[in-house]
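**Student:** Submitted below is the structure of interest, expressed as structure tokens.
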2 protein chains.
Amino acid sequence: MPLCVVGSVAFDSVGTPTEKRDNVLGGSAVFFSYAASFFTTVRLAGVVGEDWPTEHTQLLEARGIDTAGLQVVPDGKTFRWRGKYLPNMNDRETLDLQLNVLADFKPVLPESYRRSKFLFLANGSPLQQQKALDQCTGASLVVADTMDHYINTERDELLRLLNRIDGLVLNDSEAKLLTGDDNLVRAGFAVREMGPRFVVVKKGEHGAIFFSQHETYVLPAYPTPQVVDPTGAGDSFAGGMMGYLAEQGNFDPKTLKKALAYGTLMASFTVEDFSLDRLRNIQREDLDRRMEEYQQMLSF
Amino acid sequence: MPLCVVGSVAFDSVGTPTEKRDNVLGGSAVFFSYAASFFTTVRLAGVVGEDWPTEHTQLLEARGIDTAGLQVVPDGKTFRWRGKYLPNMNDRETLDLQLNVLADFKPVLPESYRRSKFLFLANGSPLQQQKALDQCTGASLVVADTMDHYINTERDELLRLLNRIDGLVLNDSEAKLLTGDDNLVRAGFAVREMGPRFVVVKKGEHGAIFFSQHETYVLPAYPTPQVVDPTGAGDSFAGGMMGYLAEQGNFDPKTLKKALAYGTLMASFTVEDFSLDRLRNIQREDLDRRMEEYQQMLSF
């Protein structure tokens with residue numbers, strides 16, 4: 001089933017302890033779409049400026065990603081992020097952030113997008129996320145992401161959003177910030193109490209925890225020795241998860257767990273190179289081969 | 001099969017953000033023995049002072065733990081540790097450390113201990129660990145633990161030890177310190193290159209990673225919402241792991257993985273209360289019930 005995503009499209013400049021890349025393709029909706037495109041048709045809504053090269057659109061379209069909802073602002077500049085990873089490759093510092101056209105982004109979903117049954121509201125202002133949601137009222141599964149910035153500055157809008165969505169995906173530090181609880185398991189329960197039927201807390205190199213009314217489980221990250229650039233890992237995780245759910249056309253507990261596993265593996269590939277470079281070099285078979293290994297790893 | 005452990009016996013004084021306990025029963029060999037006693041007969045070797053109350057020995061003996069190797073130093077004082085946990089309940093600060101009788105501890109294993117087929121060298125000076133190993137040459141599985149202090153101050157002795165043991169258990173930060181590699185997966189491989197046939201890297205609330213020549217896998221921690229006191233979690237992990245291996249009488253890859261899972265669950269119980277208080281209130285059935293839940297959690 002088609003999957004709609006609304007989120008950021010960006011140029012990322014990334015420094016790691018050993019390498020750097022400037023102005024590479026990034027943004028939450030881009031990583032999400034590309035990851036999800038291994039499973040299903042994706043409809044991407046976002047905004048870019050005039051500096052956006054056609055090749056990027058072509059790259060996405062070649063994956064069957066619909067870019068009808070990608071607004072191009074004349075004379076505008078695309079959102080830019082510059083950051084640096086610390087030697088542990090888990091913590092990072094934002095060195096520069098230029099919202100540019102993202103600052104005034106008003107999501108307008110093309111008519112064809114509005115009938116999507118699966119909707120992902122990637123990282124963005126909770127107000128913008130709700131405006132996108134208003135246009136896609138027939139979705140049977142709505143999942144959102146959020147981040148520390150919005151928890152700190154738009155808490156009320158975020159709490160409103162939480163009452164309108166089925167699932168929330170967020171980082172461990174964000175779950176602690178949102179709830180004020182330092183125990184991650186209790187924090188996960190508490191986020192669920194705020195509205196969503198399920199919550200996925202991402203723990204970076206340590207995997208993810210899932211919380212629903214009847215289930216709590218942890219899936220570890222796939223142990224890759226080759227961590228080149230963690231940028232986009234969380235968005236790829238969400239893309240793999242939502243992509244698999246949309247492909248299966250349901251989100252019962254069993255399908256959800258397998259979806260989390262696919263998200264985990266998608267993230268493990270993303271971190272193995274800069275930008276989308278690793279995902280561009282794998283096939284669905286590579287993903288499924290790693291899935292077999294992963295399931296083997298967790299059975300005893 | 002009987003399992004022999006050599007390590008510290010201590011009085012712990014523990015502060016958490018909400019509670020504190022003074023001079024409670026602790027020490028690596030104590031947590032290890034108690035955890036392992038759910039599975040097999042344990043032979044404990046260690047040292048205490050005259051301040052050691054008979055009740056503690058009785059508590060251990062009531063679990064079938066042989067204390068013939070527990071030396072009592074006349075006029076001596078038992079090793080004492082005082083520490084405080086930070087709000088995340090993962091990081092801690094040592095406020096006071098009195099080695100006392102542990103400073104001059106020379107492990108002397110009773111004759112009956114020396115025929116043990118399973119030997120665990122709990123945290124201690126690598127020189128002391130080797131002296132214990134010298135007395136137990138018929139062991140078919142020797143596993144050791146170590147810590148940052150010995151990595152920093154007795155590196156050469158530690159490297160010698162690593163060439164004489166089958167397995168090493170250590171924390172994530174210690175694996176990074178020992179190898180100088182910030183990627184935990186690469187660090188695990190590198191520790192294995194130093195000698196042991198397998199390495200278990202403990203990640204606290206994030207579980208553990210296993211490394212052998214043909215296998216690398218991660219087992220997540222059991223997600224308990226009730227973390228009261230993490231002291232002894234790592235030693236209980238090792239006790240659960242080695243206890244299960246000794247019970248099964250073998251250490252093939254399949255048994256080793258299940259042993260790691262038991263270690264994980266043992267640690268999850270230990271953190272639910274101070275000292276041995278939680279382990280004292282569970283039965284083997286509770287452990288096996290949690291094992292079923294855990295296996296369920298990891299299957300999809």
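Identifiers in this document derive from the order of the structure tokens: chains are assigned A, B, ..., residues are numbered from 1 separately in each chain, and ligands are numbered from 1 in order of occurrence.
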At a cut-off of 6 Å, using only C-alpha atoms, what residues contact region 261-278 of chain A? Leave out same-chain residues fewer than 3 positions from it and give the result as a list of chain:residue names.
**Tutor:**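 Residues near the query, excluding close chain neighbours: A:Ala221, A:Gln226, A:Val227, A:Val228, A:Asp229, A:Pro230, A:Ala233, A:Ser236, A:Phe237, A:Ala238, A:Gly240, A:Met241, A:Lys258, A:Asn281.
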**Student:** DSSP on the backbone, then: every residue of region 194-258 of chain B marked strand (DSSP E), written as a count of residues only.
**Tutor:** 13
**Student:** For chain B, work out the contacting residues on chain A at 9 Å, counting only C-alpha atoms, and write them as number ranges by chain.
**Tutor:** A: 87-89, 182-187, 203, 206-207, 209, 215-227, 254-255, 257-258, 261, 294-295, 297-300
**Student:** I'd like to know which of A:Val142, A:Arg192, A:Gly7, A:Leu119 is closest to Pro107 (chain A), using only C-alpha atoms.
**Tutor:**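 Smallest distance to Pro107 (chain A) is found for A:Gly7.
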**Student:** For CA of Ala29 (chain A) and CA of Thr57 (chain A), determine how far apart the two atoms are, in Å to one decimal place.
**Tutor:**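 Atom-to-atom, CA of Ala29 (chain A) to CA of Thr57 (chain A), that is 12.7 Å.
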**Student:** Would you list the contacts of Gly27 (chain A) as a list in words, taking every protein, DNA or RNA residue within 10 Å and counting only C-alpha atoms, but skipping same-chain residues closer than 3 positions in sequence?
**Tutor:**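 Residues meeting the cut-off are Gly7, Ser8, Val9, Ala10, Phe11, Asp12, Val24, Val30, Phe31, Phe32, Gly46, Phe79, Arg80, Trp81, Ala122, Asn123, Thr231, Gly232, Asp235 and Ser275 of chain A.
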**Student:** Let's see if you can do this: from backbone DSSP, list all helix (DSSP H, G or I) residues in region 262-297 of chain A, as a ChimeraX atom specification.
**Tutor:** /A:262-270,279-281,284-297
**Student:** What does the structure give for the distance between CA of Gln283 (chain A) and CA of Phe210 (chain B), in Å to one decimal?
**Tutor:**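 Going from CA of Gln283 (chain A) over to CA of Phe210 (chain B) covers 28.1 Å.
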